[in-house]
Amino acid sequence: MSSLLSIARTGSAAILLSPLRSSVTVMAVIAVLVPYLVGIGLVEGLRQESRIAIGAGTPAEKELLPDLYVAANQFGRRVPIPLELAEPIRKFDGVTRVIPRIVGRITLGKENVEAVLVGMPREELQRRGSSIQRLTRLIDGQLPRSQHGEAPQLVIGSGLARKLDNLQVGTVIPPIFRSGGGEKTPRITGIFQSEISPWQSQMILTTFESAAEIFDQRGLATDLLVFCRQGQPEAIRSRILQSLTGSSTKAAASHQPSVTSRTDLESLLPAGLGHREGVFNLLFVIAFAIGILVILVTSGFGRPERRREIGILKATGWQTDEILIRSLVESLLLGLISAAVAILVALAWLKWFNGFWIAGIFLAGVETQPAIAVPYVLAAQPAGLAVLVACLLVTTGSAYSTWRTAVTPPAEAMR
Amino acid sequence: MTSDSSNRLLAVIAILVIAAGVAVAHYRQPVPPRAADAAGFQQLVGGLGFGPSVELSTCPVQFDPRLETTCNARTGPIPAGGLLCPGCGRFLFSFSSRSATHLTGPSATRNVLAP
């Protein structure tokens with residue numbers, strides 16, 4: 001046992017014998033592992049944010065997020081839903097509240113900066129704002145209170161504020177619409193804090209009334225947010241589909257309702273991730289295969305020093321299995337160094353450099369230097385996989401060349 | 001090569017492995033205050049944002065599948081037609097067009113009832 005340990009200890013000494021070779025091997029593995037860890041870290045972070053966005057895991061009785069999202073379709077495409085359809089839904093047994101919401105795309109400024117305009121009813125915003133503890137952690141400023149006919153008050157995302165020449169709270173921006181009511185200059189009443197959510201970045205929150213004026217669409221909403229009593233959503237969903245589809249009212253007759261529940265969204269999450277993660281993993285399998293070839297070259301082929309070293313060991317009485325154990329320990333230690341450094345570099349990239357450049361590759365609309373706090377999670381599974389892959393990569397890359405040299409007569413190996 | 005150098009290397013490796021382990025243990029879950037703030041934000045906007053896009057220009061489905069059921073650029077009959085959309089084909093975290101086949105559990109019913 002002690003002789004085995006002594007042989008294993010020579011493995012660590014072998015790393016220091018050829019520092020250049022060891023460094024190149026470690027760098028090659030790190031170069032492959034870091035983008036993999038960063039990509040998976042971002043996906044895991046986004047998955048957690050998405051779970052929060054659909055209220056997964058929150059108690060149903062709290063009524064924090066809607067149970068159902070009702071929208072309208074025509075010709076198989078999503079269209080705005082008439083507000084008058086909210087009334088029959090509100091009367092259904094088990095429905096506690098129905099809130100109309102507007103979500104639309106607008107562009108701002110001379111450079112046509114993309115933004116997502118969200119309109120929520122004024123009273124609802126105030127009610128929700130008062131129920132949230134420490135609203136200042138979410139918004140620097142105040143929630144919008146603009147009524148119909150008044151100049152719109154806006155809370156804008158941190159990314160938008162930065163893109164539009166570092167807008168501050170209280171700033172008045174040029175009119176962003178021309179509706180029948182004439183031009184009105186919107187005022188910034190608040191800016192979302194950058195770390196609360198990635199989706200706030202390009203968002204503009206205003207009252208439903210102001211959003212309807214900005215888009216010049218009266219009596220319409222993007223969707224209706226339906227809150228139900230506990231255990232009722234599925235029954236209400238069926239009732240909405242049945243009663244509104246067959247309704248005799250003009251508005252309902254021309255629109256086919258579409259209802260999305262939390263369960264639908266929860267089922268989308270693993271499906272969306274599974275497919276893309278599979279493709280991503282496949283790409284990295286190719287990268288790992290190339291990594292093996294790189295290490296094969298650096299560890300044995302074309303390295304006469306390495307051959308001579310093994311030849312000398314053989315000449316001094318080392319057996320082939322002892323040389324292989326020495327090489328295995330060396331490879332495992334190099335793999336451990338590579339994986340540990342890759343994990344720390346990935347963490348530094350995501351945490352301290354806030355996903356500089358790479359976040360823009362994985363998240364659309366995010367700049368090279370993100371204006372949001374990039375979501376990330378360093379899960380144990382990919383980290384463990386990184387350690388395993390690093391050790392396998394280095395071991396596979398060096399085992400063959402070591403064995404070939406070890407079975408060669410020492411005189412020939414040292415030549 | 002001296003035994004001291006070898007010992008120093010082993011110590012460095014141990015420190016690196018422990019540091020990486022601590023990093024994973026600490027960052028394997030979102031930080032609680034951040035999760036609470038994200039929940040507060042979602043409460044304000046009624047639940048919005050679910051995909052790998054922070055704006056609507058690329059593909060609304062990738063911003064939030066609640067806003068659109070299908071991608072505008074999707075060309076179903078063409079093999080890999082979904083990849084023609086710069087939004088759907090680009091991202092690591094991404095959603096296919098929503099249909100009943102993707103749904104599970106009690107919600108695996110058609111959104112629009114057949115006449």
# chains A, B, ... in the order shown; residues from 1 in each chain; ligands from 1
>>> residues_around(residues="A:Ser50", least_positions_apart="3", cutoff="9 Å", atoms="only C-alpha atoms", output="PyMOL selection string")
(chain A and resi 45-47+53-56+269) or (chain B and resi 49-51)
>>> closest_residue(among="A:Phe75, A:Phe284, A:Phe362, A:Trp403", to="chain B", atoms="only C-alpha atoms")
A:Phe362
>>> residues_around(residues="stretch 124-134 of chain A", least_positions_apart="2", cutoff="8 Å", atoms="only C-alpha atoms", output="tab-separated table (two decimals) with N, CA and C atoms, in the first residue's frame")
chain	number	residue	atom	x	y	z
A	120	MET	N	-51.13	48.26	-16.50
A	120	MET	CA	-51.96	47.60	-15.48
A	120	MET	C	-52.92	48.65	-14.92
A	121	PRO	N	-54.15	48.26	-14.56
A	121	PRO	CA	-55.09	49.26	-14.02
A	121	PRO	C	-54.49	50.02	-12.84
A	122	ARG	N	-54.78	51.32	-12.80
A	122	ARG	CA	-54.18	52.24	-11.82
A	122	ARG	C	-54.42	51.76	-10.37
A	136	THR	N	-39.20	50.10	-2.45
A	136	THR	CA	-37.99	50.80	-2.92
A	136	THR	C	-36.91	49.81	-3.37
A	137	ARG	N	-37.02	48.55	-2.93
A	137	ARG	CA	-36.06	47.55	-3.41
A	137	ARG	C	-36.36	47.19	-4.87
A	138	LEU	N	-37.59	47.48	-5.32
A	138	LEU	CA	-37.97	47.17	-6.70
A	138	LEU	C	-37.84	48.38	-7.60
A	143	LEU	N	-44.68	54.45	-8.23
A	143	LEU	CA	-45.49	53.77	-9.23
A	143	LEU	C	-46.30	54.80	-10.03
A	144	PRO	N	-46.61	54.51	-11.28
A	144	PRO	CA	-47.40	55.48	-12.08
A	144	PRO	C	-48.83	55.61	-11.55
A	145	ARG	N	-49.39	56.84	-11.67
A	145	ARG	CA	-50.76	57.09	-11.19
A	145	ARG	C	-51.58	57.81	-12.26
A	207	THR	N	-49.98	52.93	-16.31
A	207	THR	CA	-51.36	52.53	-15.98
A	207	THR	C	-52.03	52.01	-17.25
B	40	GLY	N	-41.84	40.06	-6.12
B	40	GLY	CA	-42.53	41.35	-5.99
B	40	GLY	C	-42.72	42.01	-7.34
B	43	GLN	N	-45.39	40.27	-9.24
B	43	GLN	CA	-46.69	40.62	-8.67
B	43	GLN	C	-47.17	41.95	-9.26
B	44	LEU	N	-46.24	42.88	-9.45
B	44	LEU	CA	-46.61	44.20	-10.00
B	44	LEU	C	-47.10	44.10	-11.45
>>> select_by_dssp(residues="stretch 46-150 of chain A", states="strand (DSSP E or B)", output="PyMOL selection string")
chain A and resi 68-74+77-79+81-82+95-108+113-120+139-141
>>> decode(residues="stretch 32-58 of chain A", atoms="C-alpha atoms", output="short mmCIF file (atom, residue, chain, number, x, y, z; two decimals), in the first residue's frame")
data_model
loop_
_atom_site.label_atom_id
_atom_site.label_comp_id
_atom_site.auth_asym_id
_atom_site.auth_seq_id
_atom_site.Cartn_x
_atom_site.Cartn_y
_atom_site.Cartn_z
CA VAL A 32 -13.59 23.96 -23.09
CA LEU A 33 -15.21 23.86 -19.64
CA VAL A 34 -15.72 27.56 -18.85
CA PRO A 35 -18.24 28.37 -21.66
CA TYR A 36 -20.08 25.16 -20.80
CA LEU A 37 -20.34 26.05 -17.11
CA VAL A 38 -21.29 29.66 -17.84
CA GLY A 39 -23.99 28.61 -20.34
CA ILE A 40 -25.51 26.03 -18.03
CA GLY A 41 -25.23 28.49 -15.10
CA LEU A 42 -27.19 31.11 -17.06
CA VAL A 43 -29.86 28.59 -18.06
CA GLU A 44 -30.30 27.41 -14.49
CA GLY A 45 -30.55 31.03 -13.31
CA LEU A 46 -33.15 31.81 -15.96
CA ARG A 47 -35.06 28.66 -15.08
CA GLN A 48 -35.31 29.84 -11.46
CA GLU A 49 -36.46 33.30 -12.61
CA SER A 50 -39.05 31.70 -14.89
CA ARG A 51 -40.41 29.64 -12.02
CA ILE A 52 -40.87 32.84 -10.02
CA ALA A 53 -42.53 34.50 -13.04
CA ILE A 54 -45.27 31.87 -13.14
CA GLY A 55 -45.66 31.66 -9.38
CA ALA A 56 -44.49 28.04 -9.19
CA GLY A 57 -44.08 26.97 -5.59
CA THR A 58 -46.04 29.86 -4.09
#
